[in-house]
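Data block for protein-v4.cif (mmCIF, C-alpha atoms):
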data_input
#
loop_
_atom_site.label_atom_id
_atom_site.label_comp_id
_atom_site.auth_asym_id
_atom_site.auth_seq_id
_atom_site.Cartn_x
_atom_site.Cartn_y
_atom_site.Cartn_z
CA MET B 1 -6.85 -11.44 -48.89
CA ASP B 2 -5.74 -8.15 -50.41
CA GLU B 3 -2.21 -7.75 -51.78
CA GLY B 4 -1.16 -5.28 -49.09
CA THR B 5 -2.02 -7.68 -46.28
CA ALA B 6 -0.42 -10.59 -48.11
CA GLU B 7 2.80 -8.61 -48.49
CA LEU B 8 2.80 -7.58 -44.84
CA LEU B 9 2.36 -11.20 -43.84
CA SER B 10 5.08 -12.33 -46.20
CA ARG B 11 7.49 -9.73 -44.81
CA TYR B 12 6.48 -10.60 -41.23
CA LEU B 13 7.41 -14.19 -41.97
CA ASP B 14 10.90 -13.01 -42.98
CA GLY B 15 11.32 -10.54 -40.11
CA ASP B 16 11.39 -7.62 -42.56
CA LEU B 17 8.85 -5.36 -40.83
CA ASP B 18 9.76 -2.35 -38.70
CA ALA B 19 8.44 -2.01 -35.15
CA ALA B 20 5.25 -0.15 -36.07
CA GLU B 21 4.37 -2.57 -38.88
CA THR B 22 5.07 -5.52 -36.59
CA ARG B 23 2.72 -4.17 -33.92
CA LEU B 24 0.04 -3.63 -36.55
CA ILE B 25 0.24 -7.12 -38.04
CA GLU B 26 0.48 -8.81 -34.62
CA ALA B 27 -2.66 -7.02 -33.47
CA ARG B 28 -4.45 -8.25 -36.56
CA LEU B 29 -3.09 -11.78 -36.10
CA ALA B 30 -4.43 -11.82 -32.57
CA ALA B 31 -7.86 -10.80 -33.79
CA GLU B 32 -8.16 -12.65 -37.12
CA PRO B 33 -8.00 -16.48 -37.14
CA ASP B 34 -7.98 -16.56 -40.96
CA LEU B 35 -4.87 -14.41 -40.98
CA ARG B 36 -3.20 -16.73 -38.45
CA ALA B 37 -4.06 -19.71 -40.64
CA GLU B 38 -2.59 -17.91 -43.64
CA LEU B 39 0.63 -17.22 -41.75
CA THR B 40 0.88 -20.86 -40.71
CA ALA B 41 0.35 -21.97 -44.31
CA LEU B 42 3.04 -19.58 -45.57
CA ARG B 43 5.48 -20.72 -42.89
CA ARG B 44 4.87 -24.36 -43.77
CA LEU B 45 5.33 -23.61 -47.46
CA GLN B 46 8.64 -21.88 -46.79
CA LEU B 47 9.88 -24.93 -44.88
CA HIS B 48 8.82 -27.20 -47.72
CA VAL B 49 10.73 -25.15 -50.30
CA ARG B 50 13.80 -25.30 -48.05
CA SER B 51 13.36 -29.08 -47.75
CA VAL B 52 13.16 -29.40 -51.53
CA ALA B 53 16.48 -27.53 -51.78
CA ASP B 54 18.07 -29.69 -49.06
CA ARG B 55 17.30 -32.95 -50.82
CA MET B 56 18.59 -31.84 -54.24
CA MET B 57 21.97 -33.42 -54.92
CA PRO B 58 23.98 -32.52 -58.02
CA PRO B 59 25.23 -35.36 -60.21
CA GLN B 60 28.87 -36.40 -59.89
CA PRO B 61 31.06 -35.33 -61.49
CA LEU B 62 29.39 -32.00 -62.04
CA LEU B 63 32.16 -30.44 -64.11
CA SER B 64 34.05 -31.97 -67.00
CA PHE B 65 37.20 -30.17 -65.86
CA SER B 66 38.97 -30.32 -62.54
CA ALA B 67 38.32 -27.44 -60.16
CA SER B 68 41.63 -28.00 -58.39
CA ARG B 69 43.56 -27.84 -61.67
CA MET B 70 41.86 -24.55 -62.41
CA SER B 71 42.79 -23.20 -59.00
CA ALA B 72 46.53 -23.71 -59.38
CA PRO B 73 47.22 -20.90 -61.85
CA MET B 74 44.64 -18.61 -60.27
CA ALA B 75 46.87 -17.56 -57.42
CA ARG B 76 49.71 -16.54 -59.70
CA ARG B 77 48.25 -14.95 -62.77
CA ALA B 78 45.10 -14.00 -64.59
CA PRO B 79 43.59 -16.90 -66.52
CA ARG B 80 44.05 -17.24 -70.23
CA GLN B 81 40.95 -17.44 -72.41
CA VAL B 82 41.40 -21.15 -73.02
CA MET B 83 40.57 -24.04 -70.75
CA PRO B 84 43.46 -25.26 -68.60
CA GLY B 85 45.00 -28.41 -69.92
CA ALA B 86 43.69 -27.80 -73.43
CA ARG B 87 46.36 -28.30 -76.10
CA ARG B 88 46.54 -25.71 -78.78
CA ALA B 89 46.45 -27.13 -82.29
CA ASN B 90 49.38 -25.15 -83.67
CA SER B 91 51.34 -24.47 -80.57
CA SER B 92 54.48 -22.47 -80.79
CA ARG B 93 57.90 -24.03 -80.36
CA TRP B 94 58.25 -21.67 -77.43
CA ARG B 95 56.47 -21.74 -74.15
CA ILE B 96 56.52 -19.76 -70.97
CA SER B 97 56.98 -21.71 -67.82
CA GLN B 98 57.78 -21.31 -64.16
CA PRO B 99 61.51 -20.59 -63.67
CA GLU B 100 62.07 -23.26 -61.05
CA ARG B 101 60.70 -26.07 -63.17
CA LYS B 102 62.45 -25.64 -66.51
CA PRO B 103 66.06 -25.59 -67.67
CA LEU B 104 67.37 -22.18 -68.36
CA SER B 105 68.18 -21.26 -71.91
CA TRP B 106 67.80 -17.54 -72.08
CA ARG B 107 66.74 -15.58 -69.08
CA LEU B 108 63.95 -13.10 -69.76
CA PRO B 109 62.98 -10.40 -67.31
CA SER B 110 61.63 -11.97 -64.14
CA PRO B 111 59.43 -13.90 -63.40
CA CYS B 112 59.29 -15.84 -66.69
CA VAL B 113 61.80 -18.04 -68.36
CA CYS B 114 61.64 -18.96 -72.00
CA SER B 115 62.78 -22.43 -72.92
CA GLN B 116 62.81 -24.38 -76.16
CA ARG B 117 60.32 -27.20 -76.45
CA ARG B 118 62.01 -30.48 -77.17
CA MET U 1 40.19 -17.55 -52.29
CA THR U 2 41.00 -20.18 -54.89
CA PHE U 3 38.64 -21.38 -57.55
CA ASP U 4 38.17 -24.81 -55.99
CA GLU U 5 37.20 -23.21 -52.68
CA VAL U 6 34.60 -21.12 -54.48
CA TYR U 7 33.47 -24.19 -56.39
CA GLU U 8 33.14 -26.32 -53.26
CA ARG U 9 31.15 -23.63 -51.51
CA PHE U 10 28.76 -22.83 -54.34
CA ARG U 11 28.48 -25.92 -56.52
CA ARG U 12 25.30 -27.12 -54.85
CA PRO U 13 23.44 -23.78 -54.73
CA VAL U 14 24.44 -22.94 -58.30
CA TRP U 15 23.41 -26.36 -59.54
CA ARG U 16 20.12 -26.16 -57.65
CA LEU U 17 19.31 -22.76 -59.15
CA ALA U 18 20.24 -24.05 -62.61
CA ARG U 19 18.10 -27.13 -62.08
CA ARG U 20 15.12 -25.02 -61.04
CA LEU U 21 15.46 -22.60 -63.93
CA THR U 22 16.43 -24.90 -66.79
CA GLY U 23 13.98 -27.65 -65.89
CA SER U 24 16.25 -30.57 -66.74
CA GLU U 25 19.16 -32.38 -65.17
CA GLU U 26 21.23 -32.28 -68.34
CA ASP U 27 20.71 -28.57 -69.01
CA ALA U 28 21.43 -27.78 -65.36
CA ARG U 29 24.73 -29.60 -65.60
CA ASP U 30 25.73 -27.79 -68.78
CA ALA U 31 24.65 -24.46 -67.30
CA THR U 32 26.57 -25.09 -64.08
CA GLN U 33 29.71 -25.76 -66.08
CA GLU U 34 29.27 -22.54 -68.07
CA ILE U 35 28.59 -20.57 -64.90
CA PHE U 36 31.72 -21.84 -63.16
CA LEU U 37 33.77 -21.11 -66.26
CA ARG U 38 32.60 -17.51 -65.96
CA VAL U 39 33.35 -17.52 -62.23
CA TRP U 40 36.85 -18.78 -62.98
CA ARG U 41 37.42 -16.08 -65.57
CA GLY U 42 36.07 -13.36 -63.29
CA LEU U 43 37.63 -14.42 -60.00
CA PRO U 44 40.96 -12.57 -60.45
CA GLY U 45 38.98 -9.35 -60.92
CA PHE U 46 36.70 -9.93 -57.93
CA ARG U 47 37.56 -7.21 -55.41
CA GLY U 48 34.92 -7.92 -52.80
CA GLU U 49 32.68 -4.92 -53.50
CA ALA U 50 29.77 -7.35 -53.27
CA LYS U 51 29.52 -10.46 -51.13
CA LEU U 52 31.06 -13.46 -52.84
CA SER U 53 27.72 -15.27 -52.79
CA THR U 54 26.00 -12.27 -54.41
CA TRP U 55 28.64 -12.15 -57.12
CA VAL U 56 28.39 -15.88 -57.86
CA PHE U 57 24.58 -15.80 -57.91
CA GLN U 58 24.65 -12.74 -60.20
CA ILE U 59 26.83 -14.63 -62.66
CA ALA U 60 24.52 -17.64 -62.40
CA TRP U 61 21.34 -15.61 -62.87
CA ASN U 62 22.75 -13.59 -65.78
CA TYR U 63 23.78 -16.78 -67.54
CA LEU U 64 20.59 -18.68 -66.78
CA ARG U 65 18.33 -15.80 -67.77
CA LEU U 66 19.95 -15.55 -71.18
CA HIS U 67 20.25 -19.29 -71.62
CA HIS U 68 16.66 -19.87 -70.62
CA ARG U 69 15.33 -17.19 -72.95
CA ARG U 70 17.54 -18.28 -75.82
CA ALA U 71 16.42 -21.86 -75.51
CA GLY U 72 12.80 -20.79 -75.08
CA ARG U 73 12.10 -23.74 -72.86
CA GLN U 74 8.94 -24.18 -70.87
CA PRO U 75 9.00 -25.57 -67.36
CA PRO U 76 8.25 -29.28 -67.39
CA LEU U 77 4.98 -30.49 -65.99
CA VAL U 78 6.74 -33.30 -64.19
CA ALA U 79 10.03 -32.16 -62.73
CA VAL U 80 11.20 -35.19 -60.79
CA SER U 81 14.03 -36.96 -62.56
CA ASP U 82 15.29 -40.47 -61.94
CA ASP U 83 18.26 -39.07 -60.06
CA GLU U 84 16.07 -37.16 -57.68
CA ALA U 85 13.90 -40.20 -57.12
CA LEU U 86 17.13 -42.01 -56.24
CA VAL U 87 17.94 -39.35 -53.66
CA VAL U 88 14.61 -39.97 -52.02
CA GLU U 89 15.30 -43.70 -52.01
CA ARG U 90 18.68 -43.08 -50.42
CA ALA U 91 17.32 -40.74 -47.78
CA PRO U 92 18.02 -41.68 -44.15
CA ASP U 93 16.07 -44.48 -42.58
CA PRO U 94 12.58 -43.10 -41.96
CA GLY U 95 12.28 -45.01 -38.70
CA PRO U 96 9.20 -46.83 -37.56
CA ASP U 97 6.77 -45.09 -39.91
CA PRO U 98 7.85 -45.54 -43.56
CA GLU U 99 4.39 -44.59 -44.77
CA ARG U 100 4.74 -41.18 -43.22
CA HIS U 101 8.17 -40.79 -44.86
CA ALA U 102 6.73 -41.70 -48.26
CA THR U 103 3.99 -39.15 -47.74
CA ALA U 104 6.56 -36.47 -46.90
CA ALA U 105 8.55 -37.32 -50.04
CA ASP U 106 5.36 -37.16 -52.11
CA LEU U 107 4.56 -33.79 -50.62
CA LEU U 108 8.00 -32.45 -51.51
CA ASP U 109 7.59 -33.85 -55.03
CA ARG U 110 4.35 -31.89 -55.33
CA VAL U 111 5.97 -28.72 -54.00
CA GLU U 112 8.83 -29.13 -56.47
CA GLU U 113 6.48 -29.60 -59.39
CA ALA U 114 4.44 -26.59 -58.31
CA ILE U 115 7.57 -24.42 -58.10
CA ASP U 116 8.52 -25.48 -61.63
CA ARG U 117 5.12 -24.42 -62.93
CA LEU U 118 5.54 -20.86 -61.66
CA PRO U 119 6.55 -18.07 -64.06
CA GLU U 120 10.32 -17.59 -64.11
CA GLN U 121 10.29 -14.27 -62.24
CA PHE U 122 8.37 -15.89 -59.36
CA ARG U 123 10.41 -19.09 -59.44
CA VAL U 124 13.78 -17.36 -59.19
CA ILE U 125 12.81 -15.01 -56.38
CA LEU U 126 11.12 -17.76 -54.38
CA TRP U 127 14.07 -20.04 -54.86
CA LEU U 128 16.71 -17.49 -53.86
CA ARG U 129 14.79 -16.46 -50.73
CA ASP U 130 13.12 -19.64 -49.50
CA GLY U 131 15.24 -22.32 -51.19
CA GLU U 132 18.66 -20.74 -50.66
CA GLY U 133 17.86 -18.49 -47.71
CA ARG U 134 19.24 -15.29 -49.30
CA SER U 135 18.34 -11.95 -47.70
CA TYR U 136 16.04 -9.45 -49.41
CA GLU U 137 19.03 -7.17 -50.01
CA GLU U 138 21.03 -9.93 -51.65
CA VAL U 139 18.09 -11.05 -53.80
CA ALA U 140 17.67 -7.43 -54.93
CA GLU U 141 21.35 -7.22 -55.89
CA VAL U 142 21.41 -10.57 -57.68
CA LEU U 143 18.29 -9.83 -59.71
CA ASP U 144 19.13 -6.13 -60.07
CA ILE U 145 15.73 -4.97 -58.91
CA PRO U 146 14.69 -2.56 -56.11
CA ILE U 147 14.11 -4.07 -52.69
CA GLY U 148 10.49 -2.94 -52.79
CA THR U 149 10.02 -5.10 -55.86
CA VAL U 150 11.58 -8.04 -54.02
CA ARG U 151 9.02 -7.62 -51.22
CA SER U 152 5.98 -7.42 -53.48
CA ARG U 153 7.12 -10.02 -56.00
CA LEU U 154 8.09 -12.51 -53.31
CA SER U 155 4.69 -12.14 -51.70
CA ARG U 156 2.97 -12.76 -55.02
CA ALA U 157 5.26 -15.72 -55.73
CA ARG U 158 4.33 -17.30 -52.39
CA GLN U 159 0.65 -16.78 -53.08
CA ALA U 160 1.06 -18.27 -56.54
CA LEU U 161 2.82 -21.32 -55.13
CA LYS U 162 0.12 -21.78 -52.51
CA GLN U 163 -2.55 -21.63 -55.21
CA GLU U 164 -0.64 -24.10 -57.38
CA LEU U 165 -0.61 -26.58 -54.53
CA GLU U 166 -4.25 -26.04 -53.67
CA GLY U 167 -5.42 -26.18 -57.27
#
What does the file become when written as structure tokens?
Amino acid sequence: MDEGTAELLSRYLDGDLDAAETRLIEARLAAEPDLRAELTALRRLQLHVRSVADRMMPPQPLLSFSASRMSAPMARRAPRQVMPGARRANSSRWRISQPERKPLSWRLPSPCVCSQRR
Amino acid sequence: MTFDEVYERFRRPVWRLARRLTGSEEDARDATQEIFLRVWRGLPGFRGEAKLSTWVFQIAWNYLRLHHRRAGRQPPLVAVSDDEALVVERAPDPGPDPERHATAADLLDRVEEAIDRLPEQFRVILWLRDGEGRSYEEVAEVLDIPIGTVRSRLSRARQALKQELEG
């Protein structure tokens, strides 16, 4: 089968042809048993590839970090360039935290509060 | 949309694409982690110009393409891992005809191996369209190629897969 016909058939399988192309390929399908067999083979192959995808199950756990922990800060601020939960080796004595969670020492401009690490 | 919602929605398709393109369970897992780290970093800047699925698949493909080339790995001749064999064993009760079920599993094993023997550019396009059911337009956006190229390349990929299975 030539490449042009193969591509038409492939697109017909996916419903990608316009009305004129569809009429053309359907007329040929009606007249050419080999072409019908090719279409059937392609359709079957497509179903098999889909079935291969359906049976593939990722291992658990897939990530070494928790997706839900990563979601929490997402809604409030842009992520830092370090993994959430990772401890910095030489962390500062100071940290920025949510105002409602930490005791107030000095109030900085909203929304952050700076408190001294104990 | 939060990261864990994105993760829940796309963890399987991203892992499947990674598994198909890296050729090993371990590499697919590492790649999936890297891909979701990039998704997490990029999510605050995602403004919805593209569909979310297109954006996630673009990140996945861009990572996998570089990773795959950097590693210079070849697709394995036998692509069925122990874990996948386990999935087949755990599949629903085949009913009164277990022989037929075994034959179907064997057939899918052969299809999977044949996919993994295809050149990368055929494998990825076939997988996105037939494995994941993405539209031509979305495949074109993810792979950053014209839609005409999607049509012709997909057709050639299907022919190549058919020949692999017949050969």
Could you work out how far CA of Asp18 (chain B) lies from CA of Ser135 (chain U), giving the answer in Å with one decimal?
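Taking CA of Ser135 (chain U) as the start and CA of Asp18 (chain B) as the end point, the length is 15.7 Å.
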Find the residues in chain U near chain B: any atom within 9 Å counts, using all atoms listed in the file. Write them as number ranges by chain.
U: 1-5, 7-8, 11-13, 15-16, 19, 25, 29-30, 32-33, 36-37, 40-45, 83-84, 87-88, 91, 107-109, 111-112, 115, 126-127, 130-133, 135-136, 151-156, 158-159, 161-162
Mind giving me the straight-line distance from CA of Leu143 (chain U) to CA of His67 (chain U) in Å, one decimal?
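One can read the CA of Leu143 (chain U) to CA of His67 (chain U) distance as 15.3 Å.
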Using Å and a single decimal, report how far CA of Arg123 (chain U) sits from CA of Ala104 (chain U).
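Between CA of Ala104 (chain U) and CA of Arg123 (chain U) the gap is 21.8 Å.
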Residue with smallest distance to Ala160 (chain U) - pool U:Arg47, U:Arg65, U:Arg117, U:Arg20, counting all atoms listed in the file:
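When distances to Ala160 (chain U) are compared using all atoms listed in the file, the smallest one comes from U:Arg117.
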From the options B:Leu13, B:Met1, B:Leu24, B:Ala31, which residue's atoms come nearest to Arg44 (chain B), counting all atoms listed in the file?
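Among the listed residues, B:Leu13 lies closest to Arg44 (chain B).
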Can you give me, as a list in words, the residues this file yields under the PyMOL selection byres ((chain U and resi 140) around 12)?
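Applying the expression gives Thr54, Phe57, Gln58, Trp61, Val124, Ile125, Leu128, Arg129, Arg134, Ser135, Tyr136, Glu137, Glu138, Val139, Glu141, Val142, Leu143, Asp144, Ile145, Pro146, Ile147, Gly148, Thr149, Val150, Arg151, Ser152, Arg153 and Leu154 of chain U.
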